[in-house]
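Content type compact mmCIF, C-alpha atoms, from the file data09.txt:
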```txt
# COMPACT_ATOMS: atom_id res chain seq x y z
CA MET P 1 158.49 99.53 57.42
CA ARG P 2 155.15 99.27 55.77
CA ALA P 3 155.31 95.50 55.81
CA VAL P 4 156.06 95.59 59.52
CA MET P 5 153.15 97.84 60.28
CA GLU P 6 150.88 95.58 58.32
CA LYS P 7 152.27 92.44 59.78
CA ASN P 8 151.69 93.76 63.27
CA VAL P 9 148.62 95.76 62.52
CA THR P 10 146.45 93.55 64.67
CA GLY P 11 148.69 93.92 67.67
CA MET P 12 149.11 97.63 67.00
CA ASP P 13 145.38 98.32 66.71
CA GLU P 14 144.73 96.50 69.96
CA LEU P 15 147.62 98.27 71.62
CA LEU P 16 146.14 101.61 70.54
CA ALA P 17 142.69 100.55 71.72
CA GLY P 18 144.22 99.60 75.07
CA TYR P 19 145.80 103.06 75.25
CA ALA P 20 142.45 104.73 74.54
CA ALA P 21 140.76 102.61 77.21
CA GLY P 22 143.63 103.19 79.65
CA THR P 23 144.16 99.49 80.34
CA LEU P 24 147.77 98.98 79.22
CA SER P 25 150.66 98.48 81.60
CA TYR P 26 152.04 101.88 82.64
CA PRO P 27 155.24 101.79 80.53
CA ALA P 28 153.29 100.60 77.44
CA GLN P 29 150.76 103.42 78.01
CA ALA P 30 153.65 105.91 78.15
CA LEU P 31 155.24 104.46 74.99
CA VAL P 32 152.01 104.71 73.00
CA GLY P 33 151.45 108.25 74.31
CA ALA P 34 154.92 109.24 73.10
CA HIS P 35 154.29 107.54 69.75
CA LEU P 36 151.16 109.69 69.33
CA GLU P 37 153.13 112.82 70.19
CA LEU P 38 155.85 112.06 67.64
CA SER P 39 153.80 110.58 64.81
CA GLY P 40 150.47 111.65 63.39
CA ARG P 41 149.78 108.27 61.82
CA ASN P 42 147.45 106.90 64.48
CA ARG P 43 146.11 110.06 66.09
CA THR P 44 142.80 110.08 64.28
CA TYR P 45 142.16 106.46 65.11
CA VAL P 46 143.02 106.91 68.79
CA SER P 47 141.05 110.17 69.07
CA SER P 48 138.04 108.41 67.63
CA LEU P 49 138.41 105.50 70.04
CA GLU P 50 138.67 107.99 72.91
CA ALA P 51 135.50 109.67 71.72
CA LEU P 52 133.87 106.24 71.65
CA ALA P 53 135.05 105.42 75.16
CA ALA P 54 133.78 108.83 76.28
CA THR P 55 130.26 108.00 75.14
CA GLY P 56 130.42 105.37 77.89
CA LEU P 57 131.02 108.20 80.34
CA ALA P 58 128.24 110.34 78.91
CA ASP P 59 125.79 107.42 79.15
CA SER P 60 126.95 106.23 82.55
CA ALA P 61 124.48 106.14 85.46
CA PRO P 62 125.31 108.89 87.99
CA VAL P 63 126.40 107.91 91.52
CA ALA P 64 126.05 110.76 94.03
CA LEU P 65 129.20 112.07 95.70
CA SER P 66 129.31 111.56 99.45
CA ASP P 67 129.91 115.26 100.17
CA ARG P 68 128.91 117.26 97.13
CA ASP P 69 128.68 120.63 98.90
CA GLY P 70 132.00 120.25 100.70
CA VAL P 71 133.87 119.25 97.54
CA LEU P 72 132.36 122.06 95.50
CA ASP P 73 133.19 124.62 98.20
CA ALA P 74 136.78 123.40 98.43
CA ILE P 75 137.28 123.70 94.67
CA LEU P 76 135.60 127.06 94.23
CA SER P 77 137.40 128.64 97.17
CA SER P 78 140.83 127.27 96.27
CA GLU P 79 143.52 129.64 95.07
CA LEU P 80 144.17 129.43 91.37
CA PRO P 81 147.81 128.75 90.60
CA MET P 82 149.15 131.43 88.32
CA ASN P 83 150.63 130.72 84.92
CA ASP P 84 151.01 126.99 85.19
CA ASN P 85 148.75 126.12 82.32
CA ARG P 86 150.91 126.42 79.26
CA SER P 87 154.31 126.07 80.84
CA SER P 88 154.80 122.36 80.22
CA ALA P 89 153.72 122.64 76.60
CA ASP P 90 156.17 125.50 76.08
CA GLN P 91 159.09 123.45 77.32
CA VAL P 92 159.22 121.41 74.14
CA SER P 93 162.58 122.28 72.66
CA GLU P 94 165.02 120.95 70.12
CA GLY P 95 167.93 118.67 70.82
CA THR P 96 168.52 115.49 72.73
CA ASP P 97 166.66 116.78 75.75
CA ASN P 98 163.43 116.83 73.86
CA VAL P 99 161.77 114.12 75.93
CA PRO P 100 158.13 113.51 74.89
CA GLN P 101 155.76 114.56 77.67
CA SER P 102 154.35 111.06 77.99
CA LEU P 103 157.76 109.70 78.92
CA ARG P 104 158.75 112.38 81.43
CA ALA P 105 157.28 110.58 84.43
CA ILE P 106 159.61 107.67 83.64
CA VAL P 107 162.61 109.30 81.96
CA GLY P 108 162.62 112.79 83.49
CA THR P 109 163.21 115.91 81.41
CA SER P 110 166.87 115.59 80.50
CA MET P 111 168.31 112.62 78.64
CA GLU P 112 171.84 114.02 78.90
CA SER P 113 171.90 113.88 82.68
CA LEU P 114 170.67 110.30 83.07
CA PRO P 115 172.90 107.63 84.61
CA TRP P 116 173.86 106.07 81.26
CA ARG P 117 175.76 102.81 81.32
CA SER P 118 178.03 101.88 78.46
CA LEU P 119 177.22 98.51 76.88
CA LEU P 120 179.58 98.54 73.90
CA PRO P 121 181.63 101.26 72.26
CA GLY P 122 179.05 103.67 70.86
CA VAL P 123 176.10 102.07 72.66
CA LYS P 124 174.78 103.11 76.05
CA GLU P 125 171.70 102.24 78.03
CA CYS P 126 169.68 103.55 80.95
CA LYS P 127 167.23 101.29 82.76
CA PHE P 128 164.20 102.54 84.64
CA GLY P 129 163.11 99.48 86.55
CA GLU P 130 159.86 97.58 86.35
CA ILE P 131 156.32 98.89 86.62
CA ASP P 132 153.32 96.60 86.08
CA GLY P 133 155.71 93.77 85.24
CA CYS P 134 157.17 95.69 82.32
CA ALA P 135 160.73 97.01 82.28
CA SER P 136 161.57 100.17 80.39
CA SER P 137 164.88 101.55 79.20
CA LEU P 138 166.48 104.06 76.88
CA LEU P 139 169.07 103.01 74.34
CA TRP P 140 171.47 105.51 72.76
CA VAL P 141 173.33 104.25 69.72
CA ARG P 142 175.92 106.32 67.94
CA ALA P 143 175.28 106.94 64.23
CA GLY P 144 176.15 103.95 62.08
CA ARG P 145 176.71 101.55 64.99
CA ALA P 146 175.01 98.21 65.45
CA MET P 147 172.82 97.80 68.51
CA PRO P 148 173.53 94.93 70.84
CA SER P 149 171.72 91.77 69.84
CA HIS P 150 168.57 91.53 71.88
CA THR P 151 168.65 89.25 74.88
CA HIS P 152 165.19 90.07 76.13
CA HIS P 153 162.82 87.36 77.24
CA GLY P 154 159.36 87.93 75.90
CA THR P 155 157.89 90.69 73.79
CA GLU P 156 159.52 94.05 73.29
CA LEU P 157 158.13 97.33 71.99
CA THR P 158 160.66 99.88 70.76
CA LEU P 159 159.82 103.50 70.00
CA VAL P 160 162.34 105.56 68.06
CA LEU P 161 162.72 108.98 69.69
CA LYS P 162 165.54 110.35 67.58
CA GLY P 163 167.43 109.26 64.49
CA GLY P 164 166.54 105.92 62.95
CA PHE P 165 167.59 102.33 62.56
CA ARG P 166 167.31 99.53 60.07
CA ASP P 167 166.84 95.84 60.68
CA GLU P 168 165.56 92.88 58.74
CA ASP P 169 161.98 94.17 59.20
CA GLY P 170 162.70 97.51 57.60
CA HIS P 171 163.59 101.11 58.39
CA PHE P 172 162.32 102.82 61.53
CA VAL P 173 162.45 106.57 62.16
CA ALA P 174 161.37 108.90 64.96
CA GLY P 175 157.83 108.06 66.08
CA ASP P 176 157.85 104.51 64.67
CA VAL P 177 157.12 101.56 66.92
CA SER P 178 158.81 98.23 66.33
CA TYR P 179 157.48 95.07 67.87
CA ALA P 180 159.78 92.10 68.44
CA ASP P 181 159.06 88.66 69.78
CA SER P 182 161.57 86.79 71.86
CA ASP P 183 162.26 84.42 69.00
CA VAL P 184 163.12 87.20 66.57
CA ASP P 185 166.86 87.65 66.38
CA HIS P 186 167.29 91.36 65.87
CA LYS P 187 170.39 93.02 64.51
CA PRO P 188 169.38 96.66 64.26
CA VAL P 189 171.89 99.19 62.89
CA ALA P 190 171.56 102.92 63.57
CA ASP P 191 171.35 105.24 60.56
CA GLU P 192 174.44 107.15 59.46
CA GLY P 193 174.57 110.85 60.20
CA GLU P 194 172.59 110.96 63.46
CA ASP P 195 172.64 109.15 66.79
CA CYS P 196 169.62 106.95 67.41
CA ILE P 197 167.77 107.06 70.73
CA CYS P 198 165.01 104.54 71.47
CA PHE P 199 162.63 103.91 74.35
CA ALA P 200 162.00 100.20 74.88
CA VAL P 201 159.40 98.39 76.96
CA THR P 202 159.99 94.73 77.69
CA ALA P 203 157.80 92.24 79.46
CA GLY P 204 159.45 91.13 82.67
CA ARG P 205 160.85 87.62 82.76
CA LEU P 206 158.92 86.55 85.83
CA GLN P 207 155.53 87.65 84.61
CA LEU P 208 155.89 86.51 81.05
CA THR P 209 152.28 85.52 80.63
CA GLY P 210 150.90 88.54 82.47
CA PRO P 211 152.33 91.54 80.67
CA VAL P 212 152.59 89.84 77.30
CA GLY P 213 148.98 88.84 77.56
CA ARG P 214 148.27 92.36 78.64
CA TRP P 215 149.77 93.99 75.60
CA PHE P 216 147.82 91.91 73.23
CA ASP P 217 144.87 91.65 75.55
CA PRO P 218 144.90 95.34 76.20
CA PHE P 219 141.73 95.15 78.24
CA LEU P 220 143.05 92.63 80.66
CA ARG P 221 143.77 93.95 84.09
CA MET Z 1 124.40 117.18 69.34
CA GLU Z 2 122.99 120.23 71.06
CA ARG Z 3 123.51 118.92 74.52
CA ALA Z 4 127.20 118.33 73.90
CA GLN Z 5 127.53 121.87 72.58
CA TYR Z 6 125.79 123.19 75.65
CA PHE Z 7 128.34 121.55 77.97
CA SER Z 8 131.23 122.74 75.80
CA GLY Z 9 129.84 126.24 76.13
CA LEU Z 10 129.80 125.91 79.92
CA ILE Z 11 133.49 124.91 79.97
CA VAL Z 12 134.33 127.89 77.79
CA LYS Z 13 132.49 130.13 80.28
CA VAL Z 14 134.54 128.66 83.12
CA ALA Z 15 137.73 129.28 81.15
CA GLN Z 16 136.92 132.83 80.08
CA GLU Z 17 134.88 134.24 82.94
CA ARG Z 18 135.61 131.92 85.89
CA ASP Z 19 131.85 131.47 85.84
CA LYS Z 20 130.98 129.67 89.08
CA SER Z 21 127.41 128.81 88.18
CA ALA Z 22 128.59 127.24 84.90
CA PHE Z 23 131.09 125.21 86.91
CA VAL Z 24 128.45 124.07 89.41
CA GLU Z 25 126.27 122.89 86.54
CA LEU Z 26 129.16 120.95 85.00
CA PHE Z 27 130.05 119.55 88.40
CA ASP Z 28 126.53 118.34 89.11
CA HIS Z 29 126.27 116.72 85.71
CA PHE Z 30 129.71 115.15 85.32
CA ALA Z 31 131.08 114.40 88.79
CA PRO Z 32 128.43 111.73 89.63
CA ARG Z 33 128.74 110.26 86.12
CA LEU Z 34 132.51 110.09 86.40
CA LYS Z 35 132.14 108.37 89.74
CA GLY Z 36 129.64 105.89 88.32
CA PHE Z 37 131.76 105.28 85.22
CA LEU Z 38 134.93 104.63 87.24
CA MET Z 39 133.06 102.29 89.58
CA LYS Z 40 131.68 100.41 86.59
CA GLN Z 41 135.27 100.04 85.40
CA GLY Z 42 136.21 98.42 88.69
CA ALA Z 43 137.42 101.29 90.89
CA GLU Z 44 136.37 101.14 94.52
CA GLU Z 45 133.91 103.81 95.57
CA ALA Z 46 136.41 105.91 97.54
CA LEU Z 47 138.96 105.92 94.70
CA ALA Z 48 136.27 106.62 92.09
CA GLU Z 49 135.15 109.61 94.13
CA GLU Z 50 138.71 110.93 94.57
CA ILE Z 51 139.42 110.69 90.85
CA ALA Z 52 136.10 112.36 90.01
CA GLN Z 53 137.08 115.20 92.37
CA ASP Z 54 140.54 115.46 90.79
CA VAL Z 55 138.97 115.73 87.36
CA MET Z 56 136.69 118.52 88.59
CA VAL Z 57 139.68 120.37 90.08
CA THR Z 58 141.41 120.10 86.68
CA LEU Z 59 138.27 121.39 84.99
CA TRP Z 60 138.14 124.41 87.30
CA ARG Z 61 141.82 125.25 87.02
CA LYS Z 62 142.66 124.29 83.46
CA ALA Z 63 139.45 124.88 81.58
CA ASP Z 64 141.42 127.06 79.17
CA LEU Z 65 143.17 123.92 77.86
CA PHE Z 66 139.81 122.72 76.56
CA ASP Z 67 139.30 123.40 72.85
CA PRO Z 68 135.65 122.96 71.84
CA SER Z 69 136.62 122.61 68.17
CA LYS Z 70 138.72 119.54 68.95
CA SER Z 71 136.70 117.58 71.44
CA SER Z 72 133.43 117.42 73.28
CA ALA Z 73 133.23 118.08 77.00
CA SER Z 74 132.76 114.42 77.81
CA THR Z 75 135.71 113.28 75.66
CA TRP Z 76 137.98 115.86 77.29
CA LEU Z 77 136.84 114.87 80.78
CA TYR Z 78 137.15 111.19 79.87
CA ARG Z 79 140.82 111.71 78.94
CA VAL Z 80 141.55 113.67 82.09
CA ALA Z 81 139.91 110.94 84.18
CA ARG Z 82 141.73 108.12 82.37
CA ASN Z 83 145.11 109.80 82.79
CA ARG Z 84 144.39 110.65 86.40
CA ARG Z 85 143.40 107.07 87.18
CA ILE Z 86 146.58 105.74 85.57
CA ASP Z 87 148.65 108.25 87.49
CA ARG Z 88 147.01 107.23 90.78
CA LEU Z 89 147.57 103.54 90.14
CA ARG Z 90 151.20 104.19 89.23
CA ARG Z 91 151.82 106.06 92.47
CA GLN Z 92 150.35 103.25 94.51
CA ARG Z 93 152.58 100.70 92.82
CA SER Z 94 155.59 102.96 92.95
CA ALA Z 95 155.61 102.76 96.73
CA GLU Z 96 157.00 99.25 96.39
CA LEU Z 97 159.86 100.25 94.11
CA ASP Z 98 163.30 101.59 94.90
CA PRO Z 99 162.81 105.27 95.80
CA ASP Z 100 166.00 106.17 93.90
CA GLU Z 101 164.56 104.99 90.60
CA PRO Z 102 164.37 107.87 88.12
CA SER Z 103 160.89 106.61 87.22
CA LEU Z 104 159.60 107.85 90.56
CA GLN Z 105 159.96 111.53 89.77
CA PRO Z 106 156.59 113.01 90.66
CA THR Z 107 155.80 114.37 87.21
CA PRO Z 108 152.11 114.10 86.39
CA LEU Z 109 151.12 112.10 83.34
CA PRO Z 110 150.39 114.75 80.74
CA ASP Z 111 147.26 114.93 78.66
CA VAL Z 112 148.93 114.27 75.37
CA ALA Z 113 145.80 114.09 73.37
CA GLU Z 114 144.84 117.67 74.20
CA GLU Z 115 147.67 118.86 72.02
CA MET Z 116 146.47 116.97 69.01
CA ASP Z 117 144.72 118.34 66.02
CA ALA Z 118 142.51 115.31 65.46
CA ARG Z 119 138.88 116.27 65.44
CA LEU Z 120 136.64 114.24 67.59
CA ARG Z 121 133.19 113.57 66.32
CA GLU Z 122 131.32 111.35 68.65
CA ASP Z 123 128.34 110.95 66.37
CA ARG Z 124 130.60 109.73 63.57
CA VAL Z 125 132.47 107.23 65.65
CA ARG Z 126 129.18 106.06 67.10
CA ALA Z 127 127.93 105.60 63.56
CA ALA Z 128 131.08 103.59 62.76
CA LEU Z 129 130.36 101.39 65.77
CA GLU Z 130 126.77 100.93 64.59
CA LYS Z 131 128.05 99.63 61.27
CA LEU Z 132 129.82 96.72 62.93
CA PRO Z 133 128.08 93.36 63.15
CA ALA Z 134 126.11 93.16 66.39
CA GLU Z 135 128.40 90.63 68.02
CA GLN Z 136 131.44 92.84 67.39
CA GLN Z 137 129.61 95.88 68.77
CA ASP Z 138 128.89 93.97 71.93
CA VAL Z 139 132.52 93.13 72.67
CA VAL Z 140 133.66 96.69 71.94
CA ARG Z 141 130.98 98.04 74.29
CA MET Z 142 131.98 95.63 77.04
CA ALA Z 143 135.66 96.39 76.58
CA PHE Z 144 135.30 100.17 76.45
CA PHE Z 145 132.26 101.07 78.48
CA SER Z 146 132.52 98.45 81.17
CA GLY Z 147 136.30 98.09 81.15
CA LEU Z 148 136.01 94.31 81.12
CA SER Z 149 138.95 92.05 80.37
CA HIS Z 150 138.80 89.49 77.57
CA SER Z 151 138.23 86.70 80.06
CA GLU Z 152 135.49 88.66 81.86
CA ILE Z 153 133.78 89.24 78.53
CA ALA Z 154 134.01 85.51 77.83
CA GLU Z 155 132.48 84.80 81.24
CA ASN Z 156 129.67 87.33 80.84
CA SER Z 157 128.76 86.32 77.33
CA GLY Z 158 129.29 82.58 77.68
CA LEU Z 159 131.54 82.63 74.59
CA PRO Z 160 134.86 80.80 74.38
CA LEU Z 161 137.84 83.08 75.09
CA GLY Z 162 139.26 82.50 71.61
CA THR Z 163 136.02 83.73 70.03
CA VAL Z 164 136.05 86.85 72.20
CA LYS Z 165 139.64 87.60 71.22
CA SER Z 166 139.03 87.17 67.52
CA ARG Z 167 135.87 89.31 67.65
CA ILE Z 168 137.78 92.08 69.42
CA ARG Z 169 140.58 91.90 66.89
CA LEU Z 170 138.12 92.05 63.99
CA ALA Z 171 136.13 94.81 65.61
CA PHE Z 172 139.09 97.16 66.11
CA SER Z 173 140.48 96.52 62.68
CA ARG Z 174 137.06 97.18 61.08
CA LEU Z 175 136.58 100.28 63.21
CA ARG Z 176 139.88 101.62 61.91
CA HIS Z 177 138.77 101.06 58.33
CA LEU Z 178 135.41 102.77 58.94
CA ILE Z 179 137.00 105.72 60.76
CA GLU Z 180 139.73 106.21 58.19
CA ALA Z 181 137.32 105.87 55.28
CA ASP Z 182 135.25 108.61 56.91
CA GLU Z 183 138.31 110.83 57.28
CA ALA Z 184 139.26 110.36 53.63
CA ILE Z 185 135.85 111.59 52.47
CA ASP Z 186 135.72 114.45 54.90
CA VAL Z 187 138.39 116.80 53.59
CA ASP Z 188 137.97 120.18 55.26
```

Could the structure of this file be written out as structure tokens, please?
Amino acid sequence: MRAVMEKNVTGMDELLAGYAAGTLSYPAQALVGAHLELSGRNRTYVSSLEALAATGLADSAPVALSDRDGVLDAILSSELPMNDNRSSADQVSEGTDNVPQSLRAIVGTSMESLPWRSLLPGVKECKFGEIDGCASSLLWVRAGRAMPSHTHHGTELTLVLKGGFRDEDGHFVAGDVSYADSDVDHKPVADEGEDCICFAVTAGRLQLTGPVGRWFDPFLR
Amino acid sequence: MERAQYFSGLIVKVAQERDKSAFVELFDHFAPRLKGFLMKQGAEEALAEEIAQDVMVTLWRKADLFDPSKSSASTWLYRVARNRRIDRLRRQRSAELDPDEPSLQPTPLPDVAEEMDARLREDRVRAALEKLPAEQQDVVRMAFFSGLSHSEIAENSGLPLGTVKSRIRLAFSRLRHLIEADEAIDVD
């Protein structure tokens, strides 16, 4: 695990910087957001980068709004919605339906009720289509089973949401991000004792140079 | 940073007392800066203005989510603006996708970072940036404050793209070391 993090530390630091700047592809942004929710490892670094990016806002030259009075009036006279502030934070619960907030716009709130498709005995998948040239999917692997060998074209980021898996790069548990190149032949095996659920973001085949370049050029738009 | 504390205090007043004059002061300071910042990052004027308005609506309605011990006013507003911009862009692109895709559920992108316990200290991270060699500082500034891509930075600075990329890589890895070294010393 440690070796993996160090091996990919360059890519990971840039990925995190891209998250702080808000310049990643949408699914990669969501994956990093979920990583930060599940693991404390990079929170300080990202918070600091956000504070740095925010100094750009504080120092930015003001540009007057076209209708300052109208906008202010509309906001101050609007009805305040009751009780909606803490509700989403309170929804965090135990179990398989504990979808990180950052992934809810893609995955929804319930993993159980998704249209899962069986790939192999003990392995199912749910695809969410492509946004920004990056495809995202959930993979649910029963405890102790091997995941299907990866057939993706291009780079893939995998975030463990639940359980854990082991491959030739090491052991990955909830909150860990694994990075795989197309030429890496992965044979991950889910840990015994608990099903493993992962969120994966893969660069689309057609825009191989775009999204891949984007992940490791996080500032590229 | 007295000024930063002053703005934090205004947000707390909005949260606790629905203080309209505090809100107007925050609005007049931050809304035009947000608009300018978003335009500098490449948003068209109309979109920059809409996002700035959205951020101000969030500030008025959800000021109680702001925790002055965890972030400054500008960092909090920066995050809200960043997430709002991403959400807007996603919705525009989503129009071209299959409407039955589960990814099109209209859930707003949450402000993850607000939940975090990491303390933000802008003066410290600024100091960390100041410790970088000048050429690394420059690329970080261009990347973060102007939202420029690697190739735009290369164009602006006249440097080869490979040099820009390696400077950015070095800069972020050194920043991490400086920030984490700071954290290790500062045990509260």

>> Here is a test: counting only C-alpha atoms, which residue of P:Glu130, P:Asp195, P:Asp167, P:Asp69 is nearest to Tyr179 of chain P?
In response: P:Asp167

> Using all atoms listed in the file, which residue out of P:Leu159, P:Leu24, P:Ile197, P:Leu138 lies closest to Val107 of chain P?
Replying inline: P:Leu138

Using only C-alpha atoms, find each residue of chain P with at least one atom at most 8 Å away from an atom of chain Z; report its shortest atom-to-atom pair and that distance in Å (one decimal), sort the rows by chain and rising residue number, and return the result as JSON lines.
```
{"residue": "P:Thr10", "atom": "CA", "partner": "Z:Arg169", "partner_atom": "CA", "distance": 6.5}
{"residue": "P:Asp13", "atom": "CA", "partner": "Z:Phe172", "partner_atom": "CA", "distance": 6.4}
{"residue": "P:Glu14", "atom": "CA", "partner": "Z:Phe172", "partner_atom": "CA", "distance": 6.9}
{"residue": "P:Ala17", "atom": "CA", "partner": "Z:Phe172", "partner_atom": "CA", "distance": 7.5}
{"residue": "P:Ala21", "atom": "CA", "partner": "Z:Phe144", "partner_atom": "CA", "distance": 6.0}
{"residue": "P:Gly22", "atom": "CA", "partner": "Z:Arg82", "partner_atom": "CA", "distance": 5.9}
{"residue": "P:Tyr26", "atom": "CA", "partner": "Z:Arg90", "partner_atom": "CA", "distance": 7.0}
{"residue": "P:Gly33", "atom": "CA", "partner": "Z:Val112", "partner_atom": "CA", "distance": 6.6}
{"residue": "P:Leu36", "atom": "CA", "partner": "Z:Val112", "partner_atom": "CA", "distance": 7.9}
{"residue": "P:Glu37", "atom": "CA", "partner": "Z:Val112", "partner_atom": "CA", "distance": 6.8}
{"residue": "P:Arg43", "atom": "CA", "partner": "Z:Ala118", "partner_atom": "CA", "distance": 6.4}
{"residue": "P:Thr44", "atom": "CA", "partner": "Z:Ala118", "partner_atom": "CA", "distance": 5.4}
{"residue": "P:Tyr45", "atom": "CA", "partner": "Z:Arg176", "partner_atom": "CA", "distance": 6.2}
{"residue": "P:Ser47", "atom": "CA", "partner": "Z:Leu120", "partner_atom": "CA", "distance": 6.2}
{"residue": "P:Ser48", "atom": "CA", "partner": "Z:Leu120", "partner_atom": "CA", "distance": 6.0}
{"residue": "P:Leu49", "atom": "CA", "partner": "Z:Val125", "partner_atom": "CA", "distance": 7.6}
{"residue": "P:Glu50", "atom": "CA", "partner": "Z:Thr75", "partner_atom": "CA", "distance": 6.7}
{"residue": "P:Ala51", "atom": "CA", "partner": "Z:Thr75", "partner_atom": "CA", "distance": 5.3}
{"residue": "P:Leu52", "atom": "CA", "partner": "Z:Val125", "partner_atom": "CA", "distance": 6.2}
{"residue": "P:Ala53", "atom": "CA", "partner": "Z:Phe144", "partner_atom": "CA", "distance": 5.4}
{"residue": "P:Ala54", "atom": "CA", "partner": "Z:Thr75", "partner_atom": "CA", "distance": 4.9}
{"residue": "P:Thr55", "atom": "CA", "partner": "Z:Glu122", "partner_atom": "CA", "distance": 7.4}
{"residue": "P:Gly56", "atom": "CA", "partner": "Z:Phe145", "partner_atom": "CA", "distance": 4.7}
{"residue": "P:Leu57", "atom": "CA", "partner": "Z:Phe37", "partner_atom": "CA", "distance": 5.7}
{"residue": "P:Ala58", "atom": "CA", "partner": "Z:Ser74", "partner_atom": "CA", "distance": 6.2}
{"residue": "P:Ser60", "atom": "CA", "partner": "Z:Phe37", "partner_atom": "CA", "distance": 5.6}
{"residue": "P:Ala61", "atom": "CA", "partner": "Z:Gly36", "partner_atom": "CA", "distance": 5.9}
{"residue": "P:Pro62", "atom": "CA", "partner": "Z:Arg33", "partner_atom": "CA", "distance": 4.1}
{"residue": "P:Val63", "atom": "CA", "partner": "Z:Pro32", "partner_atom": "CA", "distance": 4.7}
{"residue": "P:Ala64", "atom": "CA", "partner": "Z:Pro32", "partner_atom": "CA", "distance": 5.1}
{"residue": "P:Leu65", "atom": "CA", "partner": "Z:Pro32", "partner_atom": "CA", "distance": 6.1}
{"residue": "P:Val71", "atom": "CA", "partner": "Z:Gln53", "partner_atom": "CA", "distance": 7.3}
{"residue": "P:Leu72", "atom": "CA", "partner": "Z:Val24", "partner_atom": "CA", "distance": 7.5}
{"residue": "P:Ile75", "atom": "CA", "partner": "Z:Val57", "partner_atom": "CA", "distance": 6.2}
{"residue": "P:Leu76", "atom": "CA", "partner": "Z:Lys20", "partner_atom": "CA", "distance": 7.4}
{"residue": "P:Leu80", "atom": "CA", "partner": "Z:Arg61", "partner_atom": "CA", "distance": 6.5}
{"residue": "P:Pro81", "atom": "CA", "partner": "Z:Arg61", "partner_atom": "CA", "distance": 7.8}
{"residue": "P:Asn85", "atom": "CA", "partner": "Z:Lys62", "partner_atom": "CA", "distance": 6.5}
{"residue": "P:Gln101", "atom": "CA", "partner": "Z:Pro110", "partner_atom": "CA", "distance": 6.2}
{"residue": "P:Ser102", "atom": "CA", "partner": "Z:Pro110", "partner_atom": "CA", "distance": 6.1}
{"residue": "P:Arg104", "atom": "CA", "partner": "Z:Thr107", "partner_atom": "CA", "distance": 6.8}
{"residue": "P:Ala105", "atom": "CA", "partner": "Z:Thr107", "partner_atom": "CA", "distance": 4.9}
{"residue": "P:Ile106", "atom": "CA", "partner": "Z:Ser103", "partner_atom": "CA", "distance": 3.9}
{"residue": "P:Val107", "atom": "CA", "partner": "Z:Ser103", "partner_atom": "CA", "distance": 6.2}
{"residue": "P:Gly108", "atom": "CA", "partner": "Z:Gln105", "partner_atom": "CA", "distance": 6.9}
{"residue": "P:Phe128", "atom": "CA", "partner": "Z:Ser103", "partner_atom": "CA", "distance": 5.8}
{"residue": "P:Gly129", "atom": "CA", "partner": "Z:Glu101", "partner_atom": "CA", "distance": 7.0}
{"residue": "P:Ile131", "atom": "CA", "partner": "Z:Arg93", "partner_atom": "CA", "distance": 7.5}
{"residue": "P:Asp132", "atom": "CA", "partner": "Z:Arg93", "partner_atom": "CA", "distance": 7.9}
{"residue": "P:Asp217", "atom": "CA", "partner": "Z:His150", "partner_atom": "CA", "distance": 6.8}
{"residue": "P:Pro218", "atom": "CA", "partner": "Z:Ser149", "partner_atom": "CA", "distance": 8.0}
{"residue": "P:Phe219", "atom": "CA", "partner": "Z:Ser149", "partner_atom": "CA", "distance": 4.7}
{"residue": "P:Leu220", "atom": "CA", "partner": "Z:Ser149", "partner_atom": "CA", "distance": 4.2}
{"residue": "P:Arg221", "atom": "CA", "partner": "Z:Ser149", "partner_atom": "CA", "distance": 6.4}
```

>> Can you pull out the residues contacting Ser39 of chain P? Cut-off 9 Å, using only C-alpha atoms, and skip same-chain residues under 6 positions away; I want them as a PyMOL selection string.
In response: chain P and resi 174-176

Mind dumping the selected residues with C-alpha atoms as a short mmCIF file (atom, residue, chain, number, x, y, z; two decimals), in the coordinates of the input?
```cif
data_model
loop_
_atom_site.label_atom_id
_atom_site.label_comp_id
_atom_site.auth_asym_id
_atom_site.auth_seq_id
_atom_site.Cartn_x
_atom_site.Cartn_y
_atom_site.Cartn_z
CA ALA P 174 161.37 108.90 64.96
CA GLY P 175 157.83 108.06 66.08
CA ASP P 176 157.85 104.51 64.67
#
```

> If you measure from atom CA of Ile11 of chain Z to atom CA of Leu16 of chain P, what distance in Å do you get, rounded to one decimal?
Replying inline: 28.1 Å

> atom CA of Val173 of chain P to atom CA of Pro188 of chain P: how many Å, to one decimal?
Replying inline: 12.3 Å

>> Please report the interatomic distance between atom CA of Val55 of chain Z and atom CA of Val99 of chain P in Å with one decimal.
In response: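 It comes out at 25.6 Å.
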
> Which residue gives the smallest distance to Phe66 of chain Z among Z:Ser157, Z:Gln137, Z:Gln16, Z:Ser166, with all atoms listed in the file counted?
Replying inline: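 The closest residue to Phe66 of chain Z is Z:Gln16.
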